[in-house]
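**Q** Okay, here's the structure, questions in a sec.
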Amino acid sequence: MYNSLHFIFIRTVLLVSLLLSGNIACATNEISKAHSGKFWIGDSGPTGPLFTGPQQYPFICSTFENGLGQPQVDNHKVIGNAVFPEVNGVPDFTADPLGYSENCSINTRVDYVYFSESARRFLPLADPRNVPSDVEKLFIDDEEINFVVRIERGTINRFIYSIAMLAPFSESLEKPAKLDNSAWNKKLVYKFQGGVGIGHWQGRFSLSTSHALHYESLKRGYAVAYSTGTKTATQYNLRLAEETALMLKRHFRATYGKPKYTVGIGGSGGAIQQYVIGQNNRKIIDAAIPLFSYPDMVTQTIHIADCDLAERYFDQSFLLDNTSRWGNWEQRSLIEGLVASNIAIQDPWSLFNLFAPFPGSSECVNGWRNSIPLTMNPAWAPQQYFDALALYRYPAPVIANVKWSHWNDLGNIFPQDEQGVAASTWDNVGVQYGLKALTNGDISKQEFLEINACMGGWKQPQEMVFGNFPWNPGADPASLDPWNQVNMNLNPLCKIGIPAARTEGEIGAMNAAYQSGHVFMGKLKIPVIDLRWYLEPILDMHHAMGSFSARARMIKSQGHADNQVVWVYECGDLDPVNLDESCLTDPTGKALDTINQWLSNIEDNPADQLVSNKPEDAVDGCFFADGTPIYTGENAWDGVLDGSPDGVCSQHFKVYPTSRMVAGGSVSDDVFKCELKSTSAALGDGTYGKIVFQPVEIASLNAIFPSGVCDYSKPDLGKPRTKDKKTYR
């Protein structure tokens, strides 16, 4: 991707655009910084982009909120964040702006922190030559040193970055060559971070011991790189994340030297980035430690968007008849797949949903209820976005024109209509919700038919509205709509045989998801230790199936997943009533040590295969809360991917399916749009097992599925059929 012709093209385009503005010196300097990564204290980092195309606008700067001061003024054309006069170091937001910042840049700075044994966290260190007595001591190469860390911070590609490294010795900050990096083990951890974001801001920077100042890595001598641009709570454009990580690594190499190798660590969206970026670009990480993983975000939405459709049906069925089986929360798993509980106290949704049985909740409610407005609705965003845009003086028409959805966050990737609304990948045409529950005898034919008649779908993005209470805090509470049903395709007559319409996704959007590399296809040629705590008892969104969906895709793509190890740990203290946890053991350090040995084996034995170099403890397993193995071995998770008898770990930790798996899909959970077969074909080919439908029931089936039902034995219709399936590389 980064060949010489590509470099020349980008360089020419950037030079021409800046020459036309009369700024040749700035143009040359920007190109130099972007490609060499050479800058230091007092300089601002490159603003990008390299290959992701026009940058998002509006874009809220957050350097001030992150304690780094206001961004630099780079224009007076009312483009970007307003920058204000300051009074005692605090911006006067009532004053006229001094100018505007389009790129959100700040000057690079370096600070020191130390790890306090008494506080058990990093604290600021004004003078690294005068370290408090409660500093934790480390042994690096048998030498005792103070746990003192140098942290460089600045901006790259418009996002806030940091590089942290042990710095226990006296040094000069005059230039990188004067730094004393002798405590560094010459290895790098890239710390990815999760969450769900829809772009248009610089992000929230975290100096915690699990993020920019990653304790387990730093105490072992690793350097740690971190950026708000590789935090999915900021944005979910994984091409932009890849670009940002590449630019940060270039700067690291130019400033500190080439690391022996780079290990990715990160949870949830941070895990997704490792799987997807590890697949798409081998220049960024050499190994991955995904925590609480999913394979990717865009296929995750396939079953997540089923959640509130199902929950609305269950709640309203219970409201009409309090003897309904759906008043038993755990029965809902028959359709949703994901875990549910009869004892959980919904927080905060119990305050808003007066229609649901109480107590009780499900992963769909506790984990995913907020996700549909946030990812799918271009008309909705959290109020904080609007407040920040107004505070920083973005013009009202600019604010009103923003399309808030995951697909619009990737506006350079997904196709858009004339109004600028990006097309959605989500589709449920032909999906037979609860099919396995039917064939297993867990629900009746009538229940199966009614669920599928009433499930409905989501409106197209262009049709969605801001919403009622509580999505619109200013709305009349009488408009209470916890499921966001105002944006659903529904039919009040569905229970008497007139089904609600399903939703058809845009094939072009599905193609774009694949072609841009946003789908984890399973081709991953690096060591992976997929690590998680088992949180199903508290209905946490990070279900264990995510690890095995990734595994299934790896097997499908490369014939095996022997380079992926799955470790699942008990969490020390779970409260299944209040849905709270306290996980006492952090096995990330153990995983890092195992990955280090694996990479060292590869370095020592380059002729051997990736899998042949696995250390002895790089094997599937499950563990008690204190880290003691419950079982380790190649057959630990038997039964999850197929119908074989459960392994010891599969028995100890139940792995719940998703709604699309219950509907007949595979563990890989990667079909945007299923190929359809006629209902008559399904009735004759064993789709319904031993279930026999009567003529009136067949008529209902035909009414619900007029174009046919899903045939999951066939490939995803959303996958590009052209030979060029790797345009993201």
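Here, A, B, ... name the chains of the structure tokens in the order displayed, residue numbers run from 1 inside each chain, and ligands are numbered from 1 in the same displayed order.
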For Asp134 in chain A, find every residue with an atom within 7 Å (counting only C-alpha atoms), except residues of its own chain fewer than 3 positions away, and show them as a CSV table (one decimal) with C-alpha atoms, in the first residue's frame.
**A**
chain,number,residue,atom,x,y,z
A,116,SER,CA,3.2,5.2,44.2
A,117,GLU,CA,3.1,2.0,46.4
A,118,SER,CA,0.8,3.7,48.8
**Q** Taking into account only C-alpha atoms, which residue in the set A:Cys364, A:Arg150, A:Phe59, A:Ile526 is nearest to Gly278 in chain A?
**A**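 Closest to Gly278 in chain A of all the choices is A:Ile526.
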**Q** Tell me, counting only C-alpha atoms, for each residue of range 409-435 of chain A within 12 Å of range 284-308 of chain A, which pair of atoms is nearest and how far apart they are in Å to one decimal, in rows ordered by chain and increasing number, as a tab-separated table.
**A**
residue	atom	partner	partner_atom	distance
A:Leu410	CA	A:Val298	CA	11.2
A:Phe414	CA	A:Val298	CA	11.9
A:Ser424	CA	A:Val298	CA	10.0
A:Thr425	CA	A:Val298	CA	8.0
A:Trp426	CA	A:Ile302	CA	6.1
A:Asp427	CA	A:Ile302	CA	7.5
A:Asn428	CA	A:Ile302	CA	8.4
A:Val429	CA	A:Ile302	CA	11.9
A:Val431	CA	A:Asp306	CA	10.4
A:Gln432	CA	A:Asp306	CA	11.7
A:Tyr433	CA	A:Asp306	CA	9.3
A:Gly434	CA	A:Asp306	CA	11.7
**Q** Need to verify the contact set: range 508-510 of chain A, 12 Å, only C-alpha atoms, exclusion of same-chain residues closer than 4 positions in sequence. Can you return it as a ChimeraX atom specification?
**A** /A:298-299,302,406-408,410-417,421-427,504,514-519,670-674,716-721
**Q** Applying 12 Å and only C-alpha atoms, which residues near Trp404 in chain A remain after dropping the ones on its own chain fewer than 3 positions away? List them as a PyMOL selection string.
**A** chain A and resi 58+197-200+235+372-383+385-386+399-401+407-411+420-422+461-462+464-466
**Q** Using only C-alpha atoms, find the one residue out of A:Phe159, A:Phe93, A:Ser208, A:Gly337 that sits nearest to Arg120 in chain A.
**A**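 Answer, going by the shortest atom-to-atom distance: A:Ser208.
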**Q** Write out as a VMD selection string which residues come within 8 Å of Asp626 in chain A when counting only C-alpha atoms, dropping same-chain ones fewer than 6 positions away.
**A** chain A and resid 572 584 to 585
**Q** Which of these residues is nearest to Glu463 in chain A, using only C-alpha atoms: A:Val486, A:Gly69, A:Glu171, A:Tyr275?
**A** A:Val486
**Q** With DSSP run on the backbone, what are the alpha helix (DSSP H) residues within range 561-607 of chain A? I'd like them as a ChimeraX atom specification.
**A** /A:588-604
**Q** Can those selected residues be exported to a file as a compact mmCIF listing (two decimals), in the first residue's frame so that it contains C-alpha atoms?
**A**
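Generated output (out_13.txt):
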# COMPACT_ATOMS: atom_id res chain seq x y z
CA THR A 588 -2.72 -9.55 31.13
CA GLY A 589 0.87 -9.70 32.38
CA LYS A 590 0.89 -13.48 32.11
CA ALA A 591 -0.42 -13.23 28.56
CA LEU A 592 2.25 -10.65 27.72
CA ASP A 593 4.98 -12.94 29.07
CA THR A 594 3.67 -15.85 27.01
CA ILE A 595 3.47 -13.71 23.88
CA ASN A 596 7.01 -12.47 24.56
CA GLN A 597 8.25 -16.06 24.70
CA TRP A 598 6.33 -16.93 21.54
CA LEU A 599 7.84 -14.01 19.62
CA SER A 600 11.30 -14.80 21.01
CA ASN A 601 10.92 -18.38 19.78
CA ILE A 602 10.02 -17.06 16.32
CA GLU A 603 13.06 -14.78 16.39
CA ASP A 604 15.33 -17.68 17.40
